[in-house]
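**Q** Below you'll find the structure I mean.
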Amino acid sequence: MFRAWSSRIIAASNTLTRRHLEWVFRVASTRPLAVICLFAAAVVLSVAMITSIHFETDIFRLFPSRQPALRLLLDSLEWTGSANEAYFLLEGDPPSLPAEAGRFAERLGQARVDGQPAFKRITWRIYDESQAASFKELIAYAVIHPQLFIQPDDLPRFVARFAPDQANAALQQLQANLAGQFGGFASGLATVDPFSLRDLILPRLKTGGQALDLDPASPYFLSRNGAVLIMIAEPARPVQDMVFARKLVAAINDARRGSPISISCAGAHISAVLDEAAMKSNVLVSIVISLLVVLGIFYIAYRRLLPTLLIPLILACGVLFALGTAGLFLRSIHIISFAFTALITGIGTDYSIHIYDRFHSERAAGKTSQEALELAILDTGRGVFTAAITTAVPFLALMVSDVRALYELGLLVGLGVIYSLYATLFFLPPLLLFMERRFPITYRPIPCLGLPYLWRAVLRHPAVVATGSLLMTAGLCWAAFSITFDGELKNLQPRHSEAFLAQEKIERNLSIAPKQILVALEGRDLSDVLERVSRLDALAASLQARGQIVAWSSLCRVINSQKTQMELSLRLRERFGDAHLEKSMLGALDRQGFATEQFQPFLNGMSHLQRAVPISPEEAVARLSASPLKGVVDRHLVKTATGYHALAYLHYSGSSLDLPAFQAALAALDPTARMTGIDLISSQLKDAVRNSFTGAFLLGGVLVLFFLLAHFASMPSGVLYSLFPVAAASGCMLGTMALSGMGLNFMNAMVLVTIVGMGSDFGLYIRFRVTAETPGERERQYVQIGRSVFLSAMTTIVGFGSLALTDYGAMSSIGWATNLGVGFITFFSLVTLPAAMSLKKCDR
Amino acid sequence: MMLIARGSRFFLIPAAYWRTVAACAALLLLLVGAFPCQARQIPAVDGLEALRKAFTGVTDFTADISQEKRLSVMKRAMTMNGTVRFRKPDQFYLELKAPYASRMVLRDSTIEQVMGTGGERNRIVLPPEQGLKRWFARLATPITTLPEGLGVHADATGPVYTVTIAPHGKGQVKELVITFLEDGTIRKLVIMERNGDRAVMTFKKVRRNVGLTDRDFRLE
């Protein structure tokens, strides 16, 4: 029953294909003007659609943001404003760095975009006189509310400062400070903290909120080795405003022009503009080079100008129609997807090669124009049609992928292949007929490219060739088991772009540790959220004690939770509750000769110590936000419409952290906690890619198999001949990649899917065409189709090869993997298949 | 203000910039001696140029210093004695004796300080525009115009000059008064702050070009 149904479907499919090709041939050869008008209208519509598409450049947009880890990362970048910051790395002679940084900061401050300041804020040194007043206010508040700021272990030292001997010693120290400075050092600060209680508070504030590994002795954001100074600036407008971003980068370039030190930039604006420029340049160079080489190959092989000039038109139609159609489904397309243009150049030329080669060969063999064209379109065209469909289908199957890059690339290449095929079928016949009328030539045999020698050599020792091929395949397949997977997202970016290199320098010189985990604890009640953060802190402290993490930061490393405050308040009340604290401090100040009226705010604050109670989280956050520590708050606590999001950053090196164990511990501690980090994102993306791969492979594979079965309905062994080169080449491709140190990544893994479609074509052509009874005729057929296959392989390799040479890691990896695959498929199709056919003595 | 390292601890230093102003002025003062005389107003540029010339030919010096400070936070004026050393282009050393014992070394924009006789060492790095080298570089060429951001008043009576420098803006220093002789001998430096604090420094036993070395500018 099933067999009968499938036979019917396959038969119907074949009939439809044949009739469809006949219709195309009839229309193309009899109504060329109507065809041209129809295509012109389609071009106009496509251009209109393309203008409505927004082009993305953010690398993170390539991946499924609904993955929890990536979602949290994107959220945190948005919440903390990091997504909008610009980073400048200044490198040069260490002594001259600060001075040059000052000059550069001044120029950045003067930079204008459309007459408005380019930056809202430029920060590069801890020293900032404008924050003096707010800092003094924070200290004034902190020393009389130690329950909020002081570490529980430091409370005895804090309390001891009020003992008469220590109070006197502190005041004498203050006198020495006042005397030793030129002028009245810290007079203002002394009035709010005469006993230097801040010494017990400031270290915690500093270390608890650290985001970068800076030289603690420097007033600048300087690396510990003094080699790199980082400047952080907030552009006036968000990164989504690309017009502004481009002008901003121009203003930055003006500001750093002529500087004697090296200044490099990173950040979303810079990355977007520079990556866009690099990407455009990469794609443009790829397209131009691949197009020129492909046209060169075609012209050298066939020596016909007009068919050569038709190829760019066919490819342009393929690209425009694909983009126009994609515009119906997608509001935006990532700029990396434009790489498909180069792929279309490589793949889309194949159809012109096969059809023209057949036409030319038949004409040279003495057939009339009409006969040669019919054979080319209806006979070879059938193979071309199946090949195009089997190429397009696996690409289109990538649309099941969650990974946007693969979805878009699959859609665009799949559509581009189909449109290129139709452009070829509709444009080439009328052009050839036109050439026959206007520029008649005497057709001579096309150069054989040494294929007759290859054919004879293979047939002389078919067993040796087949065995050798199998041994090579087995060896490389064995090597393929050692292939690695590169989960580093950054390796997919342009490797020599300034933004990428600057980011690497930040990681190398200023990162606290090579890797970081971000944990988000969320809720509507701030007190509850901070309580959970303090529990996370305890977990982090134990990890640090065991050497699993290097450091961590959170808001509760800067201020105490309600529970801790309650405990400290109790101890403060117990110690100071009955003491005449204000009176004794007043006496101490008076005895040391201080003008006590100047210290009245501090003395008044003694009552807060005696009646210490926990400070509400809202007040604590408000106090910090109004101080120079606002940045610490912004980095660790965000309030949105959904509630509070407390963020904690855990820094670790390499494999020191047992990530699954930490995940389990965190889940046990707080089931609602979310976490992210590059390792986690990579792991989740791996799963997504694996699922995408499985889905696309199954879907694409089944469809390819169906079309091959339909094509080889009367010769089922043709399916095997089509798929053997793909299977063998896939193993060899992976093996060669493993041996040469290339790994799989999120992008090139999908080549394993797309190559099924692209690669099955070559075997299909060989098996479909080489069917003659006599050895001489078989050789003639092999030479004709082998030449087409070889030239097609060359144009495909040129298309993908142009990608392999780009700076974009994602594209480059696809290019290399595909080229290796296509190279092996060509070898197996042209060398191994003839040997197998000879051994099997198979016929149509 | 500045958050600075103090051993493993941190504390706050106020606008460091005027300290360097004061240090430079103090150095100038050391080159000359005070000379009381009747005042006549002279062009401000001439006063600054006379001050600049005081440094010509000086490579280093040592001197004893006495200082009186009237601070709003103290009931009485603080008086102290000590020594200073200077070496071109950017090294300065100050040691105060008990009861306010402290030692301080300034190398261009880096200050190191020890309070008491064996206290912890503080390290402060000033912004580059406040470095000693830059201040003295400004005095390397003749002064023909008034520097931006400064109000300057100068008068002289006979060989004695008094130059009053008032930085514009809202900085901590309100006024700096330097009194020096025509031959380049400075005798007194007065620093007044906006909060009313006032410091008067006088210098004695000034010895010029004595061949100071790096060893004289160590805190050990």
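Following the order of the structure tokens, first chain is A, next is B, and so on, with residues numbered from 1 inside each chain and ligands from 1 in the order they appear.
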Once DSSP has gone over the backbone, tell me which residues of range 584-669 of chain A are in strand (DSSP E or B), as a ChimeraX atom specification.
**A** /A:594,637-640,643-652
**Q** At a cut-off of 9 Å, which residues of chain A touch chain B? Count only C-alpha atoms and give the answer as an mmCIF file with C-alpha atoms, in the first residue's frame.
**A**
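Final file, out14.cif:
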```cif
data_model
loop_
_atom_site.group_PDB
_atom_site.id
_atom_site.type_symbol
_atom_site.label_atom_id
_atom_site.label_comp_id
_atom_site.auth_asym_id
_atom_site.auth_seq_id
_atom_site.Cartn_x
_atom_site.Cartn_y
_atom_site.Cartn_z
ATOM 1 C CA SER A 96 52.559 59.894 30.048
ATOM 2 C CA PRO A 98 47.395 60.144 32.606
ATOM 3 C CA ALA A 99 48.342 63.388 30.888
ATOM 4 C CA GLY A 102 43.332 64.079 30.297
ATOM 5 C CA ARG A 125 39.692 58.673 37.294
ATOM 6 C CA ILE A 126 38.520 58.024 40.788
ATOM 7 C CA TYR A 127 39.474 61.576 41.690
ATOM 8 C CA ASP A 128 36.574 63.875 41.056
ATOM 9 C CA GLU A 129 36.228 67.107 42.968
ATOM 10 C CA SER A 130 32.604 67.433 41.956
ATOM 11 C CA GLN A 131 31.806 64.402 44.129
ATOM 12 C CA ALA A 132 33.510 65.775 47.253
ATOM 13 C CA ALA A 133 30.318 67.057 48.846
ATOM 14 C CA PHE A 135 31.230 61.774 49.481
ATOM 15 C CA GLN A 172 46.093 63.243 67.812
ATOM 16 C CA GLN A 173 46.475 61.542 64.476
ATOM 17 C CA GLN A 175 45.952 66.887 64.383
ATOM 18 C CA ALA A 176 49.086 65.534 62.747
ATOM 19 C CA ASN A 177 47.207 65.146 59.495
ATOM 20 C CA LEU A 178 45.919 68.682 59.691
ATOM 21 C CA ALA A 179 49.368 70.005 60.488
ATOM 22 C CA GLY A 180 51.234 67.918 57.945
ATOM 23 C CA GLN A 181 49.154 68.860 54.956
ATOM 24 C CA PHE A 182 49.714 72.098 53.110
ATOM 25 C CA GLY A 183 46.681 73.931 54.361
ATOM 26 C CA GLY A 184 43.636 72.573 56.107
ATOM 27 C CA PHE A 185 43.590 68.995 54.888
ATOM 28 C CA ALA A 186 40.341 67.262 55.283
ATOM 29 C CA SER A 187 38.934 69.871 57.633
ATOM 30 C CA GLY A 188 35.492 69.278 56.220
ATOM 31 C CA LEU A 189 35.771 65.527 56.382
ATOM 32 C CA ALA A 190 37.260 65.707 59.867
ATOM 33 C CA THR A 191 34.154 67.403 61.173
ATOM 34 C CA SER A 196 38.604 58.101 61.164
ATOM 35 C CA ARG A 198 35.710 55.541 57.655
ATOM 36 C CA ASP A 199 38.883 53.450 57.677
ATOM 37 C CA LEU A 200 36.632 50.538 58.677
ATOM 38 C CA ILE A 201 34.022 51.267 56.013
ATOM 39 C CA LEU A 202 35.739 52.457 52.854
ATOM 40 C CA PRO A 203 37.715 49.284 52.073
ATOM 41 C CA LYS A 206 35.768 49.755 47.388
ATOM 42 C CA PRO A 216 44.400 50.461 43.946
ATOM 43 C CA ALA A 217 47.127 53.069 44.397
ATOM 44 C CA SER A 218 46.236 54.974 41.264
ATOM 45 C CA PRO A 219 43.561 57.637 41.079
ATOM 46 C CA TYR A 220 42.880 56.525 37.512
ATOM 47 C CA ASP A 590 37.615 69.586 73.692
ATOM 48 C CA GLN A 592 42.530 67.873 72.252
ATOM 49 C CA GLY A 593 41.878 71.492 71.417
ATOM 50 C CA PHE A 594 39.257 71.050 68.739
ATOM 51 C CA ALA A 595 36.513 73.632 68.212
ATOM 52 C CA THR A 596 33.682 71.354 69.263
ATOM 53 C CA GLU A 597 30.903 73.404 67.633
ATOM 54 C CA GLN A 598 32.321 72.383 64.257
ATOM 55 C CA PHE A 599 31.678 68.730 65.111
#
```
**Q** Can you pull out the residues contacting Lys204 in chain B? Cut-off 7 Å, using only C-alpha atoms, and skip same-chain residues under 6 positions away; I want them as a list in words.
**A**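 Within the cut-off, the hits are Ala63, Asp64 and Ile65 of chain B.
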**Q** Please produce an output containing N, CA and C atoms for each residue in the selection, written as a tab-separated table (two decimals), in the first residue's frame.
**A**
```
chain	number	residue	atom	x	y	z
B	63	ALA	N	66.05	73.90	53.94
B	63	ALA	CA	65.72	75.01	54.84
B	63	ALA	C	64.97	74.49	56.05
B	64	ASP	N	65.00	75.26	57.12
B	64	ASP	CA	64.13	74.98	58.25
B	64	ASP	C	62.84	75.75	58.03
B	65	ILE	N	61.77	75.19	58.52
B	65	ILE	CA	60.48	75.83	58.30
B	65	ILE	C	59.73	75.96	59.62
```
**Q** Rounded to one decimal in Å, what is the spacing between CA of Asp807 in chain A and CA of Ala272 in chain A?
**A** 15.5 Å
**Q** Can you pull out the residues contacting Pro43 in chain B? Cut-off 7 Å, using only C-alpha atoms, and skip same-chain residues under 3 positions away; I want them as JSON, numbers by chain.
**A** {"B": [46, 47, 154]}
**Q** Extract, using only C-alpha atoms, all DNA, RNA and protein residues at most 7 Å from Met733 in chain A, discarding same-chain residues fewer than 6 positions from it, and format them as a compact mmCIF listing (two decimals) with C-alpha atoms, in the first residue's frame.
**A**
```
# COMPACT_ATOMS: atom_id res chain seq x y z
CA ALA A 817 34.22 23.68 6.13
CA LEU A 820 36.70 21.02 2.28
CA GLY A 821 33.37 19.26 1.88
```
**Q** Would you list the contacts of Gly169 in chain B as JSON, numbers by chain, taking every protein, DNA or RNA residue within 12 Å and counting only C-alpha atoms, but skipping same-chain residues closer than 5 positions in sequence?
**A** {"B": [148, 149, 150, 151, 174, 175, 194]}
**Q** Store the residues picked out above, limited to N, CA and C atoms, as a tab-separated table (two decimals), in the first residue's frame.
**A**
```
chain	number	residue	atom	x	y	z
B	148	GLU	N	45.52	81.92	32.71
B	148	GLU	CA	44.06	81.89	32.80
B	148	GLU	C	43.62	81.29	34.14
B	149	GLY	N	42.55	81.79	34.64
B	149	GLY	CA	41.98	81.22	35.86
B	149	GLY	C	42.61	81.74	37.13
B	150	LEU	N	43.45	82.72	37.02
B	150	LEU	CA	44.09	83.27	38.23
B	150	LEU	C	43.90	84.78	38.27
B	151	GLY	N	43.56	85.28	39.44
B	151	GLY	CA	43.59	86.71	39.65
B	151	GLY	C	44.89	87.04	40.37
B	174	LYS	N	41.50	80.18	48.54
B	174	LYS	CA	40.94	81.49	48.20
B	174	LYS	C	42.04	82.44	47.74
B	175	GLU	N	43.17	82.34	48.45
B	175	GLU	CA	44.22	83.30	48.15
B	175	GLU	C	45.59	82.77	48.59
B	194	ARG	N	38.79	79.16	51.57
B	194	ARG	CA	37.44	79.74	51.55
B	194	ARG	C	36.70	79.52	52.88
```
**Q** With only C-alpha atoms as the counted atoms, please give the residues lying no more than 9 Å from Arg246 in chain A, apart from itself and same-chain residues fewer than 6 positions off, as a list of chain:residue names.
**A**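 Result of the neighbour search: A:His269, A:Ile270, A:Ala272, A:Val273, A:Leu274.
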**Q** Would you put the residues from that selection into a file with C-alpha atoms, as a PDB file, in the first residue's frame?
**A**
```pdb
ATOM      1  CA  HIS A 269      28.231  51.880  19.320  1.00  0.00           C
ATOM      2  CA  ILE A 270      31.771  51.343  18.178  1.00  0.00           C
ATOM      3  CA  ALA A 272      28.068  48.277  15.630  1.00  0.00           C
ATOM      4  CA  VAL A 273      29.684  50.827  13.351  1.00  0.00           C
ATOM      5  CA  LEU A 274      33.051  49.133  12.979  1.00  0.00           C
TER       6      LEU A 274
END
```
**Q** If you run DSSP on this backbone, which residues of range 26-219 of chain B come out as alpha helix (DSSP H), and could you give them as a PyMOL selection string?
**A** chain B and resi 26-30+44-53+132-138
**Q** One decimal, Å: what's the distance from CA of Ala101 in chain A over to CA of Leu501 in chain A, could you say?
**A** 19.7 Å
**Q** Given the choices A:Met794, A:Ile512, A:Leu323, A:Leu680, which gets closest to Arg224 in chain A if the distance is worked out from only C-alpha atoms?
**A** A:Ile512
**Q** Rank A:Pro628, A:Leu669, A:Leu603, A:Gln548 by their smallest atom-to-atom distance to Arg535 in chain A, using only C-alpha atoms, and report the top residue only.
**A** A:Leu669
